[in-house]
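Q: Okay, here's the structure, questions in a sec.
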There are 2 protein chains.
Amino acid sequence: MDKVRVMIVDDHEMVRLGIKSYLLTEDKIDFLGEASGGKEAAELARKTQPEVILMDLLMEGGTGIEATKEIMSFLPQCRIIILTSYYDDEQVFPALEAGAHSYILKTSSATAILTAIYKAAKGESVIEPQVANKMMTKFRPKEKRLHEDLTAREMDVLQCLGDGLTNQEIAEVLYIGVKTVKTHVSNILSKLELTDRTQAAIYANRNGLLRKST
Amino acid sequence: MDKVRVMIVDDHEMVRLGIKSYLLTEDKIDFLGEASGGKEAAELARKTQPEVILMDLLMEGGTGIEATKEIMSFLPQCRIIILTSYYDDEQVFPALEAGAHSYILKTSSATAILTAIYKAAKGESVIEPQVANKMMTKFRPKEKRLHEDLTAREMDVLQCLGDGLTNQEIAEVLYIGVKTVKTHVSNILSKLELTDRTQAAIYANRNGLLRKST
DNA sequence: ATATGCCTCCGTCTCGAGTCGGAGTTGAAA
DNA sequence: TTTCAACTCCGACTCGAGACGGAGGCATAT
């Protein structure tokens with residue numbers, strides 16, 4: 001069997017150093033190079049055509065998700081292993097949707113990561129048990145992303161609710177009548193299956209649906 | 001000048017590898033060893049008497065805070081540099097109170113970390129600008145921890161508010177009358193300088209004041 | 001041309017939320 | 001013992017919230 005062609009993407013120089021120093025001691029690994037950001041990663045992947053990419057999720061200037069999508073678009077046979085620090089990351093799903101192949105934690109031992117690389121090269125997925133649990137809990141259809149049924153205007157109102165504004169205040173912010181605000185609020189509560197504005201405010205806060213100007 | 005005696009504490013094997021591989025190339029660094037947890041760190045520190053310790057904040061089985069406290073108790077002249085992944089960490093203050101000397105992010109370059117080590121050895125502190133900003137925002141007296149004026153019972157009610165319960169539901173949960181709940185809610189709004197339960201619910205959610213059973 | 005969906009607004013009605021003032025109980029501190 | 005803070009409860013009052021039904025304007029799709 002040939003060497004496995006691997007590249008690393010991570011904005012933490014230390015993490016790159018750590019992985020690299022380990023990979024270089026393995027004679028079945030062909031270390032192609034490293035990148036510190038999404039754009040750089042795509043370029044490097046285009047040049048070196050890796051079989052496996054170790055990709056950090058959280059990077060400054062664009063997440064690993066976008067990089068994953070881009071790379072998958074021109075290198076679909078490439079196996080991308082997501083490396084992340086926390087298992088309660090909200091980005092597990094987007095990552096897997098983007099085409100990530102495995103999802104492992106940085107707390108894993110170096111040997112576990114090596115194993116993941118070899119498995120990925122053979123087409124096998126590696127998902128941490130902790131991450132798998134999160135996935136299962138997220139798969140309940142109800143609580144998933146209920147607010148995507150909202151219209152644009154309703155989203156505006158919901159964001160105001162998340163800031164604790166009264167109907168009157170919302171009306172002033174959005175330049176509409178109080179009655180109109182009430183209509184929107186009623187529709188929001190109905191669509192989100194909630195009973196009052198307080199629960200809507202909590203929903204907005206827990207799902208990060210807030211105005212930027214806050 | 002003598003070599004700087006340094007040890008590493010981190011439960012991520014890769015991070016230890018990365019830092020170690022870098023430190024070993026520096027001839028002004030005397031690398032004493034590494035530990036993966038708080039207890040192990042304290043033992044190693046006792047044996048090797050390091051001048052500088054690079055300590056991860058988030059570790060399985062006890063945070064770096066406790067380890068920092070323990071080490072400072074028998075090695076007060078030791079400079080402990082906290083290494084963390086995120087700057088919005090709630091543990092900045094506890095860490096500094098525990099005796100941490102510097103607070104830098106893992107996103108820092110390897111050279112920046114080296115600089116921090118040398119500065120720490122000379123007694124200088126290094127605080128990331130992002131962390132410093134967080135500190136400043138936390139220091140504003142108003143918005144600081146306004147909810148610590150609340151009584152125990154009021155905290156109970158606030159936690160229920162944070163879950164979106166009505167007065168009636170809160171009364172049932174806490175085995176008290178609705179009127180009593182109203183009294184508590186009024187006092188809470190007054191103490192937190194808010195106008196209605198919705199804002200209280202937002203406050204509770206943004207400050208992590210929620211019931212564990214949720 | 002008709003239909004559909006969204007945004008806007010109106011009036012009415014009910015009900016929970018919140019304020020205000022007052023009051024009894026307990027337990028701990030002075 | 002007295003004092004004080006916290007928890008509890010009451011009644012009466014005001015007001016915003018939310019439900020419900022109805023309606024017109026406007027854009028897009030069919």
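Each chain in the structure tokens gets a letter, A, B, ..., in the order shown, and its residues are numbered from 1; ligands are numbered from 1 in order too.
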Could the residues of chain A within 8 Å of chain D, counting only C-alpha atoms (C1' of nucleotides), be given as a ChimeraX atom specification, please?
A: /A:182,186,196
Q: Counting only C-alpha atoms, give me one row per residue of chain B with an atom at most 10 Å from an atom of chain A, showing the shortest contact pair and its distance in Å to one decimal, sorted by chain then residue number, as JSON lines.
A:
```
{"residue": "B:Asp10", "atom": "CA", "partner": "A:Thr107", "partner_atom": "CA", "distance": 9.6}
{"residue": "B:Asp11", "atom": "CA", "partner": "A:Thr107", "partner_atom": "CA", "distance": 6.7}
{"residue": "B:His12", "atom": "CA", "partner": "A:Thr107", "partner_atom": "CA", "distance": 4.8}
{"residue": "B:Glu13", "atom": "CA", "partner": "A:Ser109", "partner_atom": "CA", "distance": 5.7}
{"residue": "B:Met14", "atom": "CA", "partner": "A:Gly18", "partner_atom": "CA", "distance": 5.0}
{"residue": "B:Val15", "atom": "CA", "partner": "A:Val15", "partner_atom": "CA", "distance": 5.5}
{"residue": "B:Arg16", "atom": "CA", "partner": "A:Gly18", "partner_atom": "CA", "distance": 7.1}
{"residue": "B:Leu17", "atom": "CA", "partner": "A:Gly18", "partner_atom": "CA", "distance": 4.6}
{"residue": "B:Gly18", "atom": "CA", "partner": "A:Gly18", "partner_atom": "CA", "distance": 3.3}
{"residue": "B:Ile19", "atom": "CA", "partner": "A:Met14", "partner_atom": "CA", "distance": 6.0}
{"residue": "B:Lys20", "atom": "CA", "partner": "A:Gly18", "partner_atom": "CA", "distance": 8.2}
{"residue": "B:Ser21", "atom": "CA", "partner": "A:Gly18", "partner_atom": "CA", "distance": 7.2}
{"residue": "B:Tyr22", "atom": "CA", "partner": "A:Leu17", "partner_atom": "CA", "distance": 7.6}
{"residue": "B:Met59", "atom": "CA", "partner": "A:Thr107", "partner_atom": "CA", "distance": 9.1}
{"residue": "B:Glu60", "atom": "CA", "partner": "A:Thr107", "partner_atom": "CA", "distance": 9.2}
{"residue": "B:Ser85", "atom": "CA", "partner": "A:Ser85", "partner_atom": "CA", "distance": 8.3}
{"residue": "B:Leu105", "atom": "CA", "partner": "A:His12", "partner_atom": "CA", "distance": 9.4}
{"residue": "B:Lys106", "atom": "CA", "partner": "A:His12", "partner_atom": "CA", "distance": 6.4}
{"residue": "B:Thr107", "atom": "CA", "partner": "A:His12", "partner_atom": "CA", "distance": 4.8}
{"residue": "B:Ser108", "atom": "CA", "partner": "A:His12", "partner_atom": "CA", "distance": 6.9}
{"residue": "B:Ser109", "atom": "CA", "partner": "A:Glu13", "partner_atom": "CA", "distance": 5.6}
{"residue": "B:Ala110", "atom": "CA", "partner": "A:Met14", "partner_atom": "CA", "distance": 6.1}
{"residue": "B:Thr111", "atom": "CA", "partner": "A:Glu13", "partner_atom": "CA", "distance": 9.5}
{"residue": "B:Ile113", "atom": "CA", "partner": "A:Met14", "partner_atom": "CA", "distance": 9.5}
{"residue": "B:Leu161", "atom": "CA", "partner": "A:Thr198", "partner_atom": "CA", "distance": 8.4}
{"residue": "B:Gly162", "atom": "CA", "partner": "A:Ile202", "partner_atom": "CA", "distance": 7.2}
{"residue": "B:Asp163", "atom": "CA", "partner": "A:Gln199", "partner_atom": "CA", "distance": 7.4}
{"residue": "B:Gly164", "atom": "CA", "partner": "A:Gln199", "partner_atom": "CA", "distance": 4.9}
{"residue": "B:Leu165", "atom": "CA", "partner": "A:Gln199", "partner_atom": "CA", "distance": 8.0}
{"residue": "B:Thr166", "atom": "CA", "partner": "A:Asp196", "partner_atom": "CA", "distance": 9.1}
{"residue": "B:Leu194", "atom": "CA", "partner": "A:Gly164", "partner_atom": "CA", "distance": 9.6}
{"residue": "B:Thr195", "atom": "CA", "partner": "A:Gly164", "partner_atom": "CA", "distance": 9.2}
{"residue": "B:Asp196", "atom": "CA", "partner": "A:Gly164", "partner_atom": "CA", "distance": 8.3}
{"residue": "B:Arg197", "atom": "CA", "partner": "A:Thr198", "partner_atom": "CA", "distance": 7.0}
{"residue": "B:Thr198", "atom": "CA", "partner": "A:Thr198", "partner_atom": "CA", "distance": 4.5}
{"residue": "B:Gln199", "atom": "CA", "partner": "A:Gly164", "partner_atom": "CA", "distance": 4.9}
{"residue": "B:Ala200", "atom": "CA", "partner": "A:Gly164", "partner_atom": "CA", "distance": 8.6}
{"residue": "B:Ala201", "atom": "CA", "partner": "A:Ile202", "partner_atom": "CA", "distance": 6.6}
{"residue": "B:Ile202", "atom": "CA", "partner": "A:Ile202", "partner_atom": "CA", "distance": 6.1}
{"residue": "B:Tyr203", "atom": "CA", "partner": "A:Gly164", "partner_atom": "CA", "distance": 9.5}
{"residue": "B:Ala204", "atom": "CA", "partner": "A:Ile202", "partner_atom": "CA", "distance": 9.3}
{"residue": "B:Asn205", "atom": "CA", "partner": "A:Ile202", "partner_atom": "CA", "distance": 7.1}
{"residue": "B:Arg206", "atom": "CA", "partner": "A:Asn205", "partner_atom": "CA", "distance": 7.6}
```
Q: Could you list, as a list in words, every residue of chain A that has an atom within 10 Å of an atom of chain C, counting only C-alpha atoms (C1' of nucleotides)?
A: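 Going by the stated atoms only, the list reads Thr151, Ala152, Arg153, Ile176, Gly177, Val178, Lys179, Thr180, Val181, Thr183 and His184 of chain A.
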Q: Would you mind exporting C-alpha atoms of the selected residues as a PDB file, in the first residue's frame?
A:
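The resulting file, result_12.pdb, is shown below:
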```
ATOM      1  CA  THR A 151     -40.941  35.345   7.098  1.00  0.00           C
ATOM      2  CA  ALA A 152     -38.344  38.091   6.883  1.00  0.00           C
ATOM      3  CA  ARG A 153     -40.520  40.515   8.773  1.00  0.00           C
ATOM      4  CA  ILE A 176     -44.942  49.935  11.694  1.00  0.00           C
ATOM      5  CA  GLY A 177     -48.062  50.032  13.857  1.00  0.00           C
ATOM      6  CA  VAL A 178     -48.429  48.337  17.215  1.00  0.00           C
ATOM      7  CA  LYS A 179     -51.293  46.259  15.853  1.00  0.00           C
ATOM      8  CA  THR A 180     -49.051  44.982  13.102  1.00  0.00           C
ATOM      9  CA  VAL A 181     -46.430  44.040  15.645  1.00  0.00           C
ATOM     10  CA  THR A 183     -49.989  40.228  14.414  1.00  0.00           C
ATOM     11  CA  HIS A 184     -46.375  39.289  13.781  1.00  0.00           C
TER      12      HIS A 184
END
```
Q: Rounded to one decimal, what separation in Å do you get between atom CA of Ala45 of chain A and atom CA of Leu75 of chain A?
A: 8.0 Å
